[in-house]
Every structure is written in structure tokens, then in C-alpha cells.
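Asker: Handing you this structure, nothing more for now.
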Amino acid sequence: MAVHRRGYRQYDGPRTPERWRFWILSRFAFNSVFRLRLVAIFYVICFIPALIASSAVYLSHNIDVLTSLFPGERFADTELVPVTAEFFLFLMTFQASLSVFVTALVGPGLVSPDLTNNALPLYFSRPFSRGEYVLGKFSVLFVLLSLITGVPMLFIFFLKSSLAGWSWFVDHIDLAFAIVIGSIVWVTLLSLVALASSAWLRWRPAAAGMLFALLFFPTGFGQAANEIMRTGWGSLFNAIVVIGTVWNSLFYLNDPQGYVAAARALNPMGRNIDPIPAWTAWLMVGSVCAVSLLMINRKIRAHEVVR
Amino acid sequence: MIPAIELENLSVLFNGRPILKSLNGAFYGRAIGLLGPNGAGKSTLIQTLLGFHPPTRGFARVLGMDVRTQIRKIRHAIGYMPENDSFITRMTGIRLVRMMAELSGLPPAEALERAHETLFHLGLGEARYRDVGTYSLGMKQMAKLAVAIVHGPRMLILDEPTNGLDADGRKRMLEIIREIRDSRDTQIILCSHLLRDVEECCDEVVILKDGLLVTHCNLEAERRTNRKFIQVEARGETGAFLNRVEQLGCELAVNGSRRLEMILPDTGEVRDLYQLAAETGVQIRRLDFKRDSLQDIFLKAMEGSNGRT
């Protein structure tokens, strides 16, 4: 019978596994996100730096290709792009900056439309929990941001490994670890803050603005605290210093001297103030994630209790 | 037979304030109407059955499943149409309904097919590719119903389904509810403040007041009783008539010399009364079926609220 002629009937067919049901939400969200041309174009642009970096790594091992591209030029037989902790830290910082803009474009549209029009009872009256809802929305940002931060960097790491050989891979395996953990920490932090601001501010531009405000307003406050109190602890409110310290602690895990130099370089007030200890930066990141989760938990409910 | 809803000393408190107070009862109807004034606890009861509020004390079971321990199973079996606007902006009708079907566990292809079919069935076929945010109020109500029934639930919970609908829309909505009820596959819980809606669709009624269950009645049985309850105004010498009526098996009450109230036996018919009146020389000036409407039941329930069932 034609679809438009059918009446009401019960469904007793097969059901999909519950374990992956959160992904349905992500799948529909991806579809909505990439329907916006601006987001799609910007997202493609985000791959360009990683593409340039991977090309440079490739060419530095294929001088003959480089020579054929630039006939008449002479290239030294040294590594064109040294693939070190500094290289990955630089790339990570650059990609992370782009990921903030991607989050500002995508994040506010994830939760706020559901709250604005009271759609949560529709989700939670089904076999679908609040946890799965948050996981589904979180996965959207996690996947999108990972694809422009950790994944291309891991690709470069494996490209370099394939070009430089097994011994390079073994010697630098800690970099792969740092890339994976560093990117997971950043992407998780950013995604949770974005979801929390989207849950609390129903107007999308306000939620996007809130994301930037949360990242940069405390930075100014911390800087002022450092200046006035002649301390370095104000840097705990500086998002760039905090996440930079976390990354430094990962990328210089086996290089204490490199860590100290990188930590001092992060200090916005110069080298005369002690940098914050790594554990405080980790604690700060954990606290922001926990507060974001609490904020999400307060808002993501099937009903609003009138007090 | 498993009751659609079973309540056992169910109490729900918000911030220490009792909203539902020791509700008891088992409701078996194909369509159960949930009535009560504002603040009676209807929505809280529905939300407790959906697992949105945990019971503070007591138990609630839906289709035999406990709302504390088997809420996921319950939600597989339930379709819920909320009272207020509930939709996702920048999403077409078909995508919204399909997504909700998939969230209920339907495979994507099946979900898409049923979404089309449901929207056509509810009269939104032509508008299914439009953003739900652009729908009229009536269309939004239908879209909510589509979301509630797309996965073919065993129980449908409708919270004020005719809210904001014009006469045609209301008629159509009630027709669909009756059609679903008569499909015999799905039980319906209809929460409404419109007595006529409940009367037209439901066979069982639960009335709440101040968090108490004040009345629970079977409308079908009530209607059957009403058909046998008769008020008669007679003229002439009624003595012989009354004797013959009693011999017919009627329960009889004389209210003054002319007004009689009687309950006909199952085998008795109204024409028997006319025949007896003719035989005994009594004129029947007026004969009414006493109609204890839902409104009467509701008003009685509102007058005395001792938590009886």
C-alpha cells in the first residue's frame, strides 16, 4: 500500500542497539552543521595549515621533488622542517586557535534550539537518557575539533615515521602520546565549555560571544592580578597559559629543560615571574570541565521544576 | 490482564512540598482520561510515569513495568505528546519525526518510511519538507502527535492534545485519537481540562484534586447505568402502576405523588413502562433518562475530595 494511504499501526520490528543510539543525534547534527555554507567553507580552510605542514614534511624527505618543483634552486641536504616537540606545539597552537572559531560557529546551535522550543521532553520520553543526549551533542564537537587538531597532527607524525624510519618512530613515540592526550584535553575542554554556554544562553550569538568571553575575559583578570600582586598565579585564569602549560607538560615529558624554557616562554609578563606548576594547570582544566558538566546537568532536564 | 497504569501509595514531593499524595488505583481502560483543575497534579503524574520525576514514596507501574527500575523499557512502549510547544527549529517536519523514530530504536530506513506515513496520515504530507518552526499552531499539534506515534507505541500519553486548535482541528484530532484507540493496539492516557474531549474519547476517567485521586470511574459502565436510570412524571392514580412496575423488577423511588425515579432491570425496556401505564390508566407526561454526565461526575468530585476511588 502506498505510504500516504496507510493509517496508524504498531511497530514490532527490529530495534537498533541502544549502545550507539547517542550517535543518531550526532549524525543529524553533522547534517545540520554542514548545511551552513560558511561553516563548511571555514572547516575546509582549517585543514590548510596541516596540509602545508605535511607537505613540508614530505618534501623535506624528497628533495628531488622539491628541486623539480623549483628548478634552479639548490636545497641543503638537511631536514627542511625539523619535526620536534616545538613543531607539533606550534601546529597544535595554530590548529587550536582555528578550533575556537569552529566551536563558536557550531557550538551555540547544538543545545540552545532544543531548550528554546522545549524539545527536551521529546528526547527524554524515549529510551534515551540525559547522559546519551550530552554524549551525542558532545560527540559532534569532539569529532569536528579532533579532525582539525589531533588527527592531522597524528597523520603528520605517521607520515614522518614512514619517511624517517622505524627508529625515528620509536624515539619519538612520546610525541604521538602528547598529540593524542593534548588534543583530547583541549577538544574536551572546548566542547564542554561550548555546550555549557549553549545550554545557558538560548540566543545563539550570545552563546558564541560567551565562549570567547569565557576564554579571554578571565585572561585579562589574571593578567591584572599578576601585575598588581606581582605574582604568577593570576596566569591560572589565562586560558592560553593554562592549556599551553598542559601541552608543554605532555610534549616535554622527557625533557625537563625544554619544559622550563617553554613554560617561561608562555609567561605573558616576561621571564621574571615563575611559571605556574603543571599540576595546577591540569587541575584548572579539570575544574573548568567539571563546572561545565555541572552547568549542563542543571539545564538538560526533561522538565523545568517551578520553585 | 495487566493494568495500563497501577499506582500504589504513590507520592511525589518537590522541595518537600507534596504534589502527589498517596495515589492508589489500577486503571485498565483502552482510553483513560486524566482530569483535574490546574495544579491538581495531572502533569506531575504523567511526568512521573515517564520517569521525569522519581516517586518519593510508593510505586507506579506502566503496562506492568516499574517506573523506578524499568523506565527504559517503559519508554520503548510509550509515545508522549507534551502540552507545550515542543519542536526543534531549523528542522523540517520529516527530519524531526524521523530522528525521533530513530531515537526510539527504529532502523533508519524504517524510521524514514514511518515518518512519511505518519505525516501523511495526520494531514501534514504536503508540509513535511517545511521547517517545523513555520507551522501553524494546529500543524504543530499534529507534528507533536506524529512524533508521539511514529514508533507505534503500546501506550500513548497525550497532554492537552486539543490546546489551541480551532473547531475543525479539534474534531480531526479527536477523530485520530479515537481511531488509534479503536485500533485496539494502543492504550491512551488523555490529560485534558476539556471534559468533552475526555467524554468523547475515553472509557475510564481519573480525577485528581490537590494531589489526591478523588474519583476513578468507568465511563462505559456509567453510561450503561445511565441508560437504565429513568425519571417519570405521571398523572392519575399511580398505585396500581407502581405495583406493576415493581413486579417488572424495577427499583423504585417515589418523589412526591407524581414524580417517580426507577432503575429498569437488564431485561426491561422503556416501552414496557408505557404499556403498563396504558393498562393501569396512568398518563406518562414526561420521561427522562437521568444523564449523569462527566460534568456531573467532575463537579461531584470537586465538591468532596476525600481521596476516595
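In the C-alpha cells, chains take the letters A, B, ... in the order shown, each chain's residues start at 1, and ligands count up from 1 in the order shown.
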Please report as a VMD selection string which residues of chain A come no farther than 7 Å from chain B, using only C-alpha atoms.

Answerer: chain A and resid 3 to 4 6 to 11 15 to 16 21 24 113 to 114 117 to 119 125 to 128 302

Asker: Write the residues you've just listed into a file as a PDB file, in the first residue's frame, and include C-alpha atoms for each of them.

Answerer:
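part_38.pdb, written as the output of this step:
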ATOM      1  CA  VAL A   3       2.786   5.325   2.131  1.00  0.00           C
ATOM      2  CA  HIS A   4       0.225   8.136   2.016  1.00  0.00           C
ATOM      3  CA  ARG A   6      -1.510   3.901   5.422  1.00  0.00           C
ATOM      4  CA  GLY A   7      -3.107   4.525   8.789  1.00  0.00           C
ATOM      5  CA  TYR A   8      -1.848   4.075  12.323  1.00  0.00           C
ATOM      6  CA  ARG A   9      -0.152   0.779  13.096  1.00  0.00           C
ATOM      7  CA  GLN A  10       2.032  -0.513  15.866  1.00  0.00           C
ATOM      8  CA  TYR A  11       5.697  -1.279  15.264  1.00  0.00           C
ATOM      9  CA  ARG A  15      15.289  -2.204  17.072  1.00  0.00           C
ATOM     10  CA  THR A  16      18.751  -0.722  16.793  1.00  0.00           C
ATOM     11  CA  ARG A  21      21.915   5.475  19.926  1.00  0.00           C
ATOM     12  CA  ILE A  24      21.871   9.373  15.940  1.00  0.00           C
ATOM     13  CA  PRO A 113      17.494  25.257  19.859  1.00  0.00           C
ATOM     14  CA  ASP A 114      16.293  22.292  21.921  1.00  0.00           C
ATOM     15  CA  ASN A 117      11.451  25.281  21.897  1.00  0.00           C
ATOM     16  CA  ASN A 118      11.146  22.877  24.800  1.00  0.00           C
ATOM     17  CA  ALA A 119      12.254  19.878  22.757  1.00  0.00           C
ATOM     18  CA  SER A 125      10.323  10.406  26.802  1.00  0.00           C
ATOM     19  CA  ARG A 126      12.134   7.890  24.581  1.00  0.00           C
ATOM     20  CA  PRO A 127      14.650   5.247  25.583  1.00  0.00           C
ATOM     21  CA  PHE A 128      17.293   7.958  25.531  1.00  0.00           C
ATOM     22  CA  ALA A 302      13.088  16.932  30.622  1.00  0.00           C
TER      23      ALA A 302
END

Asker: Please, which residues of stretch 46-201 of chain A, numbered as in this document, come out helix (DSSP H, G or I) from DSSP, as a ChimeraX atom specification?

Answerer: /A:48-60,63-69,85-106,108-116,120-124,130-148,150-164,166-171,173-200

Asker: Quick one: everything within 7 Å of stretch 62-69 of chain B, counting only C-alpha atoms, minus sequence neighbours fewer than 6 positions away in the same chain. Send it as a ChimeraX atom specification.

Answerer: /B:2-6,49,51,54

Asker: What does the distance from atom CA of A:Arg301 to atom CA of B:Val206 come to in Å, to one decimal?

Answerer: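 If I compute the distance from atom CA of A:Arg301 to atom CA of B:Val206, I get 27.6 Å.
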
Asker: Quick one: everything within 7 Å of B:Leu23, counting only C-alpha atoms, minus sequence neighbours fewer than 2 positions away in the same chain. Send it as a PyMOL selection string.

Answerer: chain B and resi 7-11+20-21+25+212-213

Asker: What's around A:Ser191 at 8 Å? Count only C-alpha atoms, leave out sequence neighbours fewer than 5 positions away in its own chain, and write the answer as number ranges by chain.

Answerer: A: 103, 107, 138, 141-142

Asker: When distances are computed from only C-alpha atoms, which of B:Val254, B:Ile188, B:Ile284, B:Leu273 shows the smallest separation from B:Arg235?

Answerer: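 Smallest separation from B:Arg235 among the options: B:Ile284.
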
Asker: For each of B:Gly211, B:Ala146, B:Ile46, B:Cys191, take the minimum atom-to-atom distance to B:Ile19, counting only C-alpha atoms, then give the residue where this is smallest.

Answerer: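 Checking each candidate against B:Ile19, we get B:Gly211 as the closest.
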
Asker: Report, in Å to a single decimal, how far apart atom CA of B:Asn38 and atom CA of B:Thr215 are.

Answerer: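 Between atom CA of B:Thr215 and atom CA of B:Asn38 the gap is 16.1 Å.
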
Asker: Considering only C-alpha atoms, return as a list in words whatever protein or nucleic-acid residues lie within 12 Å of A:Ala225, sequence-local ones (same chain, fewer than 6 positions apart) excluded.

Answerer: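 Contacts, in chain order: Pro218, Thr219, Thr231, Gly232, Trp233, Gly234, Ser235, Leu236, Phe237, Asn238 and Met269 of chain A.
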
Asker: Can you write just those residues out, C-alpha atoms, as a compact mmCIF listing (two decimals), in the first residue's frame?

Answerer:
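And here's out-v3.txt as it stands now:
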# COMPACT_ATOMS: atom_id res chain seq x y z
CA PRO A 218 39.50 35.74 32.75
CA THR A 219 42.80 36.19 30.90
CA THR A 231 52.59 37.06 41.32
CA GLY A 232 52.35 34.43 38.62
CA TRP A 233 49.24 32.71 39.94
CA GLY A 234 46.96 35.02 38.00
CA SER A 235 48.06 33.08 34.92
CA LEU A 236 45.78 30.30 36.14
CA PHE A 237 42.96 32.37 34.68
CA ASN A 238 44.78 32.77 31.38
CA MET A 269 54.90 39.08 31.75

Asker: For a quick check of understanding, using only C-alpha atoms, which of A:Leu283, A:Leu144, A:Val187, A:Ile273 has the smallest distance to A:Met229?

Answerer: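 Smallest distance to A:Met229 is found for A:Ile273.
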
Asker: Kindly indicate which residue among A:Leu163, A:Ile228, A:Ala278, A:Leu201 lies nearest to A:Val111, using only C-alpha atoms for the distances.

Answerer: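 For A:Val111, the nearest of the given residues is A:Leu201.
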
Asker: Name all residues at most 6 Å from stretch 203-208 of chain A (count only C-alpha atoms; drop same-chain ones fewer than 4 positions away) and give them as a list in words.

Answerer: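 My reading of the contact set: Ala104, Pro108, Ser197 and Ser198 of chain A.
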
Asker: Save out the residues we just selected, C-alpha atoms, as a short mmCIF file (atom, residue, chain, number, x, y, z; two decimals), in the first residue's frame.

Answerer:
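Output file part_32.cif is given in full below:
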data_model
loop_
_atom_site.label_atom_id
_atom_site.label_comp_id
_atom_site.auth_asym_id
_atom_site.auth_seq_id
_atom_site.Cartn_x
_atom_site.Cartn_y
_atom_site.Cartn_z
CA ALA A 104 31.92 29.41 18.02
CA PRO A 108 25.80 27.51 20.09
CA SER A 197 27.26 28.22 27.19
CA SER A 198 24.81 26.87 24.60
#

Asker: Any idea what the distance is between atom CA of B:Asp159 and atom CA of A:His303?

Answerer: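 Atom-to-atom, atom CA of B:Asp159 and atom CA of A:His303 are spaced 13.8 Å apart.
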